[in-house]
Number of protein chains: 2
Amino acid sequence: MIDQLIKMIKSTGAPIVVGLDPMMKFVPEHIKKAAFAEKGETLEGAAEAIWLYNKEIIDKIYDLIPAVKPQIAMYEQFGIPGLVTFQKTVQYCKEKGLIVIGDIKRGDIGSTSTAYATAHLGKVQVGSNLCAGFDEDFVTVNPYLGTDGVQPFIDVCKEEKKGLFILVKTSNPSSGEFQDRLIDGKPLYEHVGEQVAAWGEQMIGVNGYSYVGAVVGATYPEQGRILRKVMPKSFILVPGYGAQGASGKDLVHFFDENGLGAIVNSSRGIIAAYQNEKYKSFGAENFADASRQAVIDMIEDINSAFEDAGK
Amino acid sequence: MIDQLIKMIKSTGAPIVVGLDPMMKFVPEHIKKAAFAEKGETLEGAAEAIWLYNKEIIDKIYDLIPAVKPQIAMYEQFGIPGLVTFQKTVQYCKEKGLIVIGDIKRGDIGSTSTAYATAHLGKVQVGSNLCAGFDEDFVTVNPYLGTDGVQPFIDVCKEEKKGLFILVKTSNPSSGEFQDRLIDGKPLYEHVGEQVAAWGEQMIGVNGYSYVGAVVGATYPEQGRILRKVMPKSFILVPGYGAQGASGKDLVHFFDENGLGAIVNSSRGIIAAYQNEKYKSFGAENFADASRQAVIDMIEDINSAFEDAGK
């Protein structure tokens with residue numbers, strides 16, 4: 001799956017992933033009105049509104065990008081109907097040819113990690129049948145529980161030829177509280193990065209990159225530069241671009257000399273672009289056109305930063 | 001909710017929680033057969049089997065215990081139908097008067113953590129309505145992302161009078177890989193424990209215990225003794241009893257001098273008791289009676305360890 005991702009990054013010329021993290025405040029009024037008219041001001045109504053909103057954005061941007069990253073929390077908050085929309089979104093994106101990174105940040109131990117991996121990447125045995133639950137292509141994983149939390153995910157990935165992005169240095173302001181603490185003279189995130197590199201050796205794709213990648217926030221470019229070297233074969237999923245404050249020039253160190261090795265996420269900067277001053281002229285009715293323009297501008301921003309950096 | 005938990009621990013005399021972590025291999029053949037006959041060898045069939053299995057166990061043990069802890073991964077692996085069974089299980093346990101600890105180990109940042117907290121402890125605004133997603137009483141949370149990952153959970157807890165258990169030292173063999181690393185002469189888990197104590201100060205119940213508790217594995221009794229002192233006001237949720245190898249005598253240090261301050265989880269030791277040599281005579285048909293006996297024996301084991309320790 002990492003090879004498929006690299007192929008699609010090359011064919012689109014866009015090392016970016018769009019975060020499908022819908023919040024009700026992003027959904028235009030006319031969509032909410034239509035959904036609530038049909039299903040009421042209920043969890044079902046909210047889930048329908050989000051589905052209509054997602055679908056229109058996907059239809060307008062799928063040809064520009066290699067991948068999407070739905071954040072499951074944003075669906076989970078609407079209970080079962082929300083998770084049905086998550087599942088429909090995953091399936092619809094796959095039908096459109098997109099790679100789906102489930103941003104689930106799960107992490108547990110032993111058989112419980114196996115169950116999460118099965119839920120999101122694998123198939124579960126029911127009697128004589130194998131059934132898929134959510135069936136994303138990649139998921140994000142929390143490393144706090146150590147190898148016996150992560151290995152079950154790797155085992156399912158091996159079987160299904162799918163991949164992981166493991167949290168190493170997250171983009172939030174307080175990520176340093178534990179992640180930056182020095183252990184034997186090196187911050188915890190570097191130790192985690194070394195472990196990610198070691199885990200990744202089990203599964204290297206034909207392009208030399210591992211199926212086991214890492215999450216490193218765009219808001220920490222210096223750490224990105226270091227971690228790029230600590231994990232030379234790990235693809236880096238980079239959140240924090242746009243709304244969280246990072247721009248194209250912060251990102252170049254996350255990539256290798258061929259402009260590969262990283263994929264940059266933007267969520268609200270794309271899906272709620274129409275609420276941004278810059279794209280306001282599109283209007284709420286044309287919110288998905290605003291999203292398309294924001295994707296085009298993001299690709300341009302990153303590629304021009306590459307050019308400035310000679311990558 | 002922590003006061004409610006303490007009240008129920010006192011009234012049952014059982015500082016224990018039963019982990020409802022169903023695996024298909026635990027579900028007796030006659031139940032699988034009935035569920036598959038009705039719904040096929042599908043995700044729906046599996047989810048129905050697990051629901052029937054859970055319900056029979058709950059009916060047989062609810063009067064003995066204060067709380068249950070369903071592990072959501074075990075339901076999530078069966079996709080949407082599995083999560084419907086999770087939700088039904090949560091609701092059914094609450095109707096039976098049990099406190100429900102959702103073992104979800106979620107952890108993210110900012111608005112995403114808020115979404116998870118809303119999903120599992122709070123209510124989400126849909127138009128003019130407030131709707132609940134899964135509605136557990138407590139959830140487990142992963143601390144790796146730091147304060148801005150955890151604070152949104154605390155905020156929702158304040159509003160809903162619900163509680164948290166934050167992973168500090170997990171019960172698995174490789175938990176030390178990161179958690180035991182020394183930072184300024186102290187292991188990471190101790191730093192996390194100190195932070196849990198600090199977070200907990202925001203929300204102290206009438207019994208002097210905080211709404212913000214901790215998870216510390218029974219498999220690490222020495223660390224439990226230290227963490228009991230580091231977090232004097234944090235209730236400790238203790239996994240790892242039974243199947244993972246710990247017994248009553250390992251547990252006494254997790255408790256305070258009044259026999260409070262901790263709640264010990266057993267999952268497969270209870271729900272799959274009928275597969276254990278000790279309870280085999282019950283037979284698969286009477287699996288829930290075996291579970292009841294296993295609960296009684298566990299309470300006895302812990303209370304006699306208290307007596308030996310003079311607590």
# chains A, B, ... in the order shown; residues from 1 in each chain; ligands from 1
$ interface_residues --of "chain B" --to "chain A" --cutoff "7 Å" --atoms "only C-alpha atoms" --output "number ranges by chain"
B: 41-43, 46, 73-74, 76-80, 84, 106, 109, 112, 115-116, 118-119, 124, 126-127, 129, 131, 133-134, 144-148, 170, 172, 174-175, 177-178, 181-183
$ select_by_dssp --residues "region 157-239 of chain B" --states "strand (DSSP E or B)" --output "ChimeraX atom specification"
/B:163-169,182-183,186-187,204,210,212-216,236-238
$ residues_around --residues "Gln223 (chain B)" --least-positions-apart "6" --cutoff "10 Å" --atoms "only C-alpha atoms" --output "list of chain:residue names"
B:Lys169, B:Asp180, B:Tyr189, B:Glu190, B:Val216, B:Gly217, B:His253, B:Phe254
$ atom_distance --atom1 "CA of Lys88 (chain A)" --atom2 "CA of Lys158 (chain A)"
25.2 Å
$ residues_around --residues "Cys93 (chain B)" --least-positions-apart "4" --cutoff "12 Å" --atoms "only C-alpha atoms" --output "JSON, numbers by chain"
{"B": [18, 20, 51, 54, 55, 56, 57, 58, 59, 60, 61, 62, 63, 65, 66, 67, 68, 69, 70, 85, 86, 87, 88, 89, 97, 98, 99, 100, 101, 102, 135, 136, 137]}
$ write_last_selection --atoms "N, CA, C and O atoms" --output "short mmCIF file (atom, residue, chain, number, x, y, z; two decimals), in the first residue's frame"
data_model
loop_
_atom_site.label_atom_id
_atom_site.label_comp_id
_atom_site.auth_asym_id
_atom_site.auth_seq_id
_atom_site.Cartn_x
_atom_site.Cartn_y
_atom_site.Cartn_z
N VAL B 18 -15.85 -6.06 35.88
CA VAL B 18 -15.78 -7.19 34.94
C VAL B 18 -15.60 -6.64 33.53
O VAL B 18 -16.41 -5.84 33.05
N LEU B 20 -16.01 -6.72 29.87
CA LEU B 20 -16.84 -7.37 28.85
C LEU B 20 -16.12 -7.28 27.51
O LEU B 20 -16.39 -6.41 26.69
N TRP B 51 -24.01 -10.19 21.65
CA TRP B 51 -25.05 -9.58 22.47
C TRP B 51 -25.73 -10.62 23.36
O TRP B 51 -25.89 -10.41 24.58
N ASN B 54 -23.22 -11.62 26.08
CA ASN B 54 -23.09 -10.57 27.09
C ASN B 54 -24.30 -10.53 28.01
O ASN B 54 -24.17 -10.45 29.23
N LYS B 55 -25.48 -10.54 27.40
CA LYS B 55 -26.71 -10.33 28.17
C LYS B 55 -26.86 -11.42 29.25
O LYS B 55 -27.18 -11.12 30.40
N GLU B 56 -26.58 -12.65 28.84
CA GLU B 56 -26.74 -13.75 29.80
C GLU B 56 -25.73 -13.61 30.96
O GLU B 56 -26.08 -13.84 32.13
N ILE B 57 -24.52 -13.19 30.64
CA ILE B 57 -23.52 -12.98 31.71
C ILE B 57 -23.94 -11.83 32.63
O ILE B 57 -23.92 -11.96 33.86
N ILE B 58 -24.35 -10.73 32.03
CA ILE B 58 -24.75 -9.56 32.83
C ILE B 58 -25.90 -9.94 33.77
O ILE B 58 -25.89 -9.62 34.96
N ASP B 59 -26.88 -10.65 33.21
CA ASP B 59 -28.04 -11.05 34.03
C ASP B 59 -27.61 -11.89 35.24
O ASP B 59 -28.25 -11.83 36.29
N LYS B 60 -26.54 -12.64 35.08
CA LYS B 60 -26.12 -13.53 36.18
C LYS B 60 -25.16 -12.88 37.17
O LYS B 60 -24.91 -13.45 38.22
N ILE B 61 -24.57 -11.74 36.83
CA ILE B 61 -23.54 -11.19 37.74
C ILE B 61 -23.82 -9.76 38.22
O ILE B 61 -23.12 -9.28 39.10
N TYR B 62 -24.83 -9.10 37.65
CA TYR B 62 -24.96 -7.66 37.90
C TYR B 62 -25.15 -7.31 39.37
O TYR B 62 -24.76 -6.24 39.82
N ASP B 63 -25.74 -8.23 40.15
CA ASP B 63 -26.01 -7.91 41.55
C ASP B 63 -24.76 -8.01 42.43
O ASP B 63 -24.78 -7.58 43.58
N ILE B 65 -21.54 -6.90 41.57
CA ILE B 65 -20.42 -6.01 41.22
C ILE B 65 -20.89 -4.57 41.03
O ILE B 65 -22.05 -4.31 40.75
N PRO B 66 -19.94 -3.63 41.16
CA PRO B 66 -20.31 -2.23 40.94
C PRO B 66 -20.25 -1.79 39.48
O PRO B 66 -20.94 -0.86 39.09
N ALA B 67 -19.41 -2.44 38.68
CA ALA B 67 -19.10 -1.87 37.36
C ALA B 67 -18.68 -2.92 36.35
O ALA B 67 -18.22 -4.00 36.71
N VAL B 68 -18.85 -2.55 35.09
CA VAL B 68 -18.33 -3.36 33.98
C VAL B 68 -17.43 -2.47 33.11
O VAL B 68 -17.54 -1.25 33.12
N LYS B 69 -16.56 -3.12 32.36
CA LYS B 69 -15.66 -2.38 31.47
C LYS B 69 -15.66 -3.04 30.09
O LYS B 69 -14.84 -3.91 29.83
N PRO B 70 -16.60 -2.65 29.23
CA PRO B 70 -16.54 -3.20 27.86
C PRO B 70 -15.35 -2.62 27.10
O PRO B 70 -15.12 -1.40 27.13
N THR B 85 -23.89 -3.52 19.09
CA THR B 85 -23.88 -4.38 20.27
C THR B 85 -23.16 -3.71 21.44
O THR B 85 -23.60 -3.83 22.60
N PHE B 86 -22.07 -2.98 21.15
CA PHE B 86 -21.40 -2.23 22.22
C PHE B 86 -22.39 -1.28 22.88
O PHE B 86 -22.52 -1.22 24.10
N GLN B 87 -23.09 -0.53 22.04
CA GLN B 87 -24.03 0.46 22.55
C GLN B 87 -25.16 -0.20 23.36
O GLN B 87 -25.52 0.27 24.44
N LYS B 88 -25.70 -1.30 22.82
CA LYS B 88 -26.76 -2.02 23.54
C LYS B 88 -26.24 -2.53 24.88
O LYS B 88 -26.95 -2.52 25.89
N THR B 89 -24.99 -3.00 24.89
CA THR B 89 -24.39 -3.52 26.12
C THR B 89 -24.25 -2.41 27.16
O THR B 89 -24.59 -2.59 28.33
N GLY B 97 -28.23 -0.97 36.58
CA GLY B 97 -27.65 -0.24 37.72
C GLY B 97 -26.14 -0.29 37.80
O GLY B 97 -25.55 0.16 38.80
N LEU B 98 -25.50 -0.82 36.78
CA LEU B 98 -24.04 -0.91 36.79
C LEU B 98 -23.40 0.37 36.26
O LEU B 98 -23.96 1.05 35.39
N ILE B 99 -22.22 0.69 36.77
CA ILE B 99 -21.41 1.76 36.21
C ILE B 99 -20.63 1.20 35.04
O ILE B 99 -20.10 0.09 35.11
N VAL B 100 -20.58 1.97 33.96
CA VAL B 100 -19.92 1.49 32.74
C VAL B 100 -18.65 2.29 32.45
O VAL B 100 -18.69 3.50 32.26
N ILE B 101 -17.54 1.57 32.45
CA ILE B 101 -16.25 2.17 32.09
C ILE B 101 -15.96 1.75 30.65
O ILE B 101 -15.71 0.58 30.37
N GLY B 102 -16.05 2.70 29.73
CA GLY B 102 -15.76 2.39 28.33
C GLY B 102 -14.25 2.31 28.15
O GLY B 102 -13.55 3.31 28.30
N ASP B 135 -22.43 7.23 25.54
CA ASP B 135 -22.93 7.52 26.88
C ASP B 135 -22.45 6.60 27.99
O ASP B 135 -23.22 6.19 28.86
N GLU B 136 -21.13 6.29 27.99
CA GLU B 136 -20.58 5.57 29.13
C GLU B 136 -20.46 6.52 30.34
O GLU B 136 -20.69 7.72 30.22
N ASP B 137 -20.04 5.94 31.50
CA ASP B 137 -19.87 6.75 32.72
C ASP B 137 -18.43 7.20 32.92
O ASP B 137 -18.17 8.26 33.47
#
$ residues_around --residues "region 234-250 of chain B" --least-positions-apart "5" --cutoff "7 Å" --atoms "only C-alpha atoms" --output "ChimeraX atom specification"
/B:165,171,197,209-210,212-219,221,261-266,268-269,301-302,305
$ closest_residue --among "B:Phe255, B:Glu159, B:Gln275, B:Lys39" --to "Ala288 (chain B)" --atoms "only C-alpha atoms"
B:Gln275
$ closest_residue --among "A:Pro22, A:Ser11, A:Leu64, A:Glu160" --to "Glu300 (chain A)" --atoms "only C-alpha atoms"
A:Leu64
$ closest_residue --among "A:Ile16, A:Ala35, A:Leu52, A:Ile6" --to "Val206 (chain A)" --atoms "only C-alpha atoms"
A:Ile6
$ select_by_dssp --residues "region 34-116 of chain A" --states "alpha helix (DSSP H)" --output "number ranges by chain"
A: 34-39, 43-61, 73-76, 79-95, 110-116
$ write_last_selection --atoms "C-alpha atoms" --output "PDB file, in the first residue's frame"
ATOM      1  CA  ALA A  34     -31.956  19.370   3.681  1.00  0.00           C
ATOM      2  CA  ALA A  35     -30.612  16.648   5.992  1.00  0.00           C
ATOM      3  CA  PHE A  36     -32.658  17.720   9.017  1.00  0.00           C
ATOM      4  CA  ALA A  37     -35.794  17.975   6.848  1.00  0.00           C
ATOM      5  CA  GLU A  38     -35.326  14.347   5.883  1.00  0.00           C
ATOM      6  CA  LYS A  39     -34.059  12.835   9.137  1.00  0.00           C
ATOM      7  CA  LEU A  43     -27.890  11.801  15.200  1.00  0.00           C
ATOM      8  CA  GLU A  44     -29.217  10.407  11.897  1.00  0.00           C
ATOM      9  CA  GLY A  45     -29.827  13.945  10.619  1.00  0.00           C
ATOM     10  CA  ALA A  46     -26.343  15.095  11.595  1.00  0.00           C
ATOM     11  CA  ALA A  47     -24.784  11.995  10.029  1.00  0.00           C
ATOM     12  CA  GLU A  48     -26.731  12.592   6.808  1.00  0.00           C
ATOM     13  CA  ALA A  49     -25.613  16.248   6.705  1.00  0.00           C
ATOM     14  CA  ILE A  50     -21.996  15.199   7.072  1.00  0.00           C
ATOM     15  CA  TRP A  51     -22.337  12.542   4.404  1.00  0.00           C
ATOM     16  CA  LEU A  52     -23.795  15.019   1.885  1.00  0.00           C
ATOM     17  CA  TYR A  53     -21.075  17.529   2.767  1.00  0.00           C
ATOM     18  CA  ASN A  54     -18.267  14.965   2.439  1.00  0.00           C
ATOM     19  CA  LYS A  55     -19.587  13.567  -0.829  1.00  0.00           C
ATOM     20  CA  GLU A  56     -19.725  16.943  -2.541  1.00  0.00           C
ATOM     21  CA  ILE A  57     -16.170  17.774  -1.451  1.00  0.00           C
ATOM     22  CA  ILE A  58     -14.829  14.377  -2.512  1.00  0.00           C
ATOM     23  CA  ASP A  59     -16.514  14.696  -5.915  1.00  0.00           C
ATOM     24  CA  LYS A  60     -14.774  18.024  -6.453  1.00  0.00           C
ATOM     25  CA  ILE A  61     -11.253  17.144  -5.317  1.00  0.00           C
ATOM     26  CA  ALA A  73     -13.619  11.036  16.262  1.00  0.00           C
ATOM     27  CA  MET A  74     -15.609  13.521  14.211  1.00  0.00           C
ATOM     28  CA  TYR A  75     -17.947  10.704  13.160  1.00  0.00           C
ATOM     29  CA  GLU A  76     -17.901   8.804  16.450  1.00  0.00           C
ATOM     30  CA  GLY A  79     -22.771   7.609  17.642  1.00  0.00           C
ATOM     31  CA  ILE A  80     -23.759   4.732  15.378  1.00  0.00           C
ATOM     32  CA  PRO A  81     -25.208   6.941  12.585  1.00  0.00           C
ATOM     33  CA  GLY A  82     -21.954   8.924  12.569  1.00  0.00           C
ATOM     34  CA  LEU A  83     -19.912   5.750  12.207  1.00  0.00           C
ATOM     35  CA  VAL A  84     -22.158   4.617   9.357  1.00  0.00           C
ATOM     36  CA  THR A  85     -21.206   7.892   7.611  1.00  0.00           C
ATOM     37  CA  PHE A  86     -17.529   7.186   8.392  1.00  0.00           C
ATOM     38  CA  GLN A  87     -17.867   3.795   6.746  1.00  0.00           C
ATOM     39  CA  LYS A  88     -19.731   5.202   3.725  1.00  0.00           C
ATOM     40  CA  THR A  89     -17.054   7.893   3.368  1.00  0.00           C
ATOM     41  CA  VAL A  90     -14.243   5.319   3.447  1.00  0.00           C
ATOM     42  CA  GLN A  91     -15.978   3.179   0.840  1.00  0.00           C
ATOM     43  CA  TYR A  92     -16.864   6.114  -1.406  1.00  0.00           C
ATOM     44  CA  CYS A  93     -13.303   7.440  -1.368  1.00  0.00           C
ATOM     45  CA  LYS A  94     -11.963   3.993  -2.260  1.00  0.00           C
ATOM     46  CA  GLU A  95     -14.437   3.756  -5.149  1.00  0.00           C
ATOM     47  CA  GLY A 110      -2.189  -8.050  22.457  1.00  0.00           C
ATOM     48  CA  SER A 111      -5.537  -9.389  21.380  1.00  0.00           C
ATOM     49  CA  THR A 112      -7.138  -5.953  21.785  1.00  0.00           C
ATOM     50  CA  SER A 113      -4.709  -4.360  19.337  1.00  0.00           C
ATOM     51  CA  THR A 114      -5.393  -7.274  17.016  1.00  0.00           C
ATOM     52  CA  ALA A 115      -9.100  -6.490  17.264  1.00  0.00           C
ATOM     53  CA  TYR A 116      -8.531  -2.814  16.354  1.00  0.00           C
TER      54      TYR A 116
END
$ decode --residues "region 172-225 of chain A" --atoms "C-alpha atoms" --output "PDB file, in the first residue's frame"
ATOM      1  CA  ASN A 172      -0.211  20.209  19.250  1.00  0.00           C
ATOM      2  CA  PRO A 173       1.295  22.849  21.579  1.00  0.00           C
ATOM      3  CA  SER A 174       1.581  20.531  24.605  1.00  0.00           C
ATOM      4  CA  SER A 175       2.989  17.581  22.650  1.00  0.00           C
ATOM      5  CA  GLY A 176       6.327  18.256  24.331  1.00  0.00           C
ATOM      6  CA  GLU A 177       4.958  17.559  27.798  1.00  0.00           C
ATOM      7  CA  PHE A 178       5.979  13.910  27.511  1.00  0.00           C
ATOM      8  CA  GLN A 179       7.306  13.580  23.954  1.00  0.00           C
ATOM      9  CA  ASP A 180      10.152  16.087  24.418  1.00  0.00           C
ATOM     10  CA  ARG A 181      11.392  14.777  27.772  1.00  0.00           C
ATOM     11  CA  LEU A 182      15.040  13.749  27.608  1.00  0.00           C
ATOM     12  CA  ILE A 183      15.927  10.102  28.047  1.00  0.00           C
ATOM     13  CA  ASP A 184      19.649   9.307  27.901  1.00  0.00           C
ATOM     14  CA  GLY A 185      20.169  12.735  26.374  1.00  0.00           C
ATOM     15  CA  LYS A 186      17.574  12.302  23.632  1.00  0.00           C
ATOM     16  CA  PRO A 187      13.918  13.307  23.610  1.00  0.00           C
ATOM     17  CA  LEU A 188      11.297  10.573  23.928  1.00  0.00           C
ATOM     18  CA  TYR A 189      10.055  11.246  20.388  1.00  0.00           C
ATOM     19  CA  GLU A 190      13.485  10.319  19.036  1.00  0.00           C
ATOM     20  CA  HIS A 191      13.409   7.036  20.926  1.00  0.00           C
ATOM     21  CA  VAL A 192       9.946   6.390  19.525  1.00  0.00           C
ATOM     22  CA  GLY A 193      11.262   7.337  16.060  1.00  0.00           C
ATOM     23  CA  GLU A 194      14.081   4.805  16.386  1.00  0.00           C
ATOM     24  CA  GLN A 195      11.570   2.165  17.361  1.00  0.00           C
ATOM     25  CA  VAL A 196       9.351   3.072  14.396  1.00  0.00           C
ATOM     26  CA  ALA A 197      12.366   2.628  12.126  1.00  0.00           C
ATOM     27  CA  ALA A 198      13.084  -0.761  13.706  1.00  0.00           C
ATOM     28  CA  TRP A 199       9.447  -1.902  13.458  1.00  0.00           C
ATOM     29  CA  GLY A 200       9.417  -0.730   9.850  1.00  0.00           C
ATOM     30  CA  GLU A 201      12.277  -3.001   8.823  1.00  0.00           C
ATOM     31  CA  GLN A 202       9.793  -5.880   8.849  1.00  0.00           C
ATOM     32  CA  MET A 203       7.954  -4.523   5.831  1.00  0.00           C
ATOM     33  CA  ILE A 204       9.782  -2.532   3.172  1.00  0.00           C
ATOM     34  CA  GLY A 205       8.077  -1.698  -0.139  1.00  0.00           C
ATOM     35  CA  VAL A 206       9.670  -1.793  -3.587  1.00  0.00           C
ATOM     36  CA  ASN A 207      10.395   1.942  -3.400  1.00  0.00           C
ATOM     37  CA  GLY A 208      12.546   1.493  -0.287  1.00  0.00           C
ATOM     38  CA  TYR A 209       9.968   2.990   2.040  1.00  0.00           C
ATOM     39  CA  SER A 210       8.437   0.957   4.836  1.00  0.00           C
ATOM     40  CA  TYR A 211       4.772   0.138   5.310  1.00  0.00           C
ATOM     41  CA  VAL A 212       5.281   1.500   8.839  1.00  0.00           C
ATOM     42  CA  GLY A 213       5.323   5.298   8.735  1.00  0.00           C
ATOM     43  CA  ALA A 214       5.261   8.021  11.359  1.00  0.00           C
ATOM     44  CA  VAL A 215       3.246  11.078  12.319  1.00  0.00           C
ATOM     45  CA  VAL A 216       5.324  14.224  12.881  1.00  0.00           C
ATOM     46  CA  GLY A 217       3.639  17.622  13.185  1.00  0.00           C
ATOM     47  CA  ALA A 218       4.394  20.351  10.617  1.00  0.00           C
ATOM     48  CA  THR A 219       4.486  22.738  13.560  1.00  0.00           C
ATOM     49  CA  TYR A 220       7.841  21.225  14.587  1.00  0.00           C
ATOM     50  CA  PRO A 221      10.051  21.563  11.468  1.00  0.00           C
ATOM     51  CA  GLU A 222      13.347  21.186  13.365  1.00  0.00           C
ATOM     52  CA  GLN A 223      12.203  17.925  14.887  1.00  0.00           C
ATOM     53  CA  GLY A 224      11.014  16.895  11.433  1.00  0.00           C
ATOM     54  CA  ARG A 225      14.513  17.361  10.056  1.00  0.00           C
TER      55      ARG A 225
END
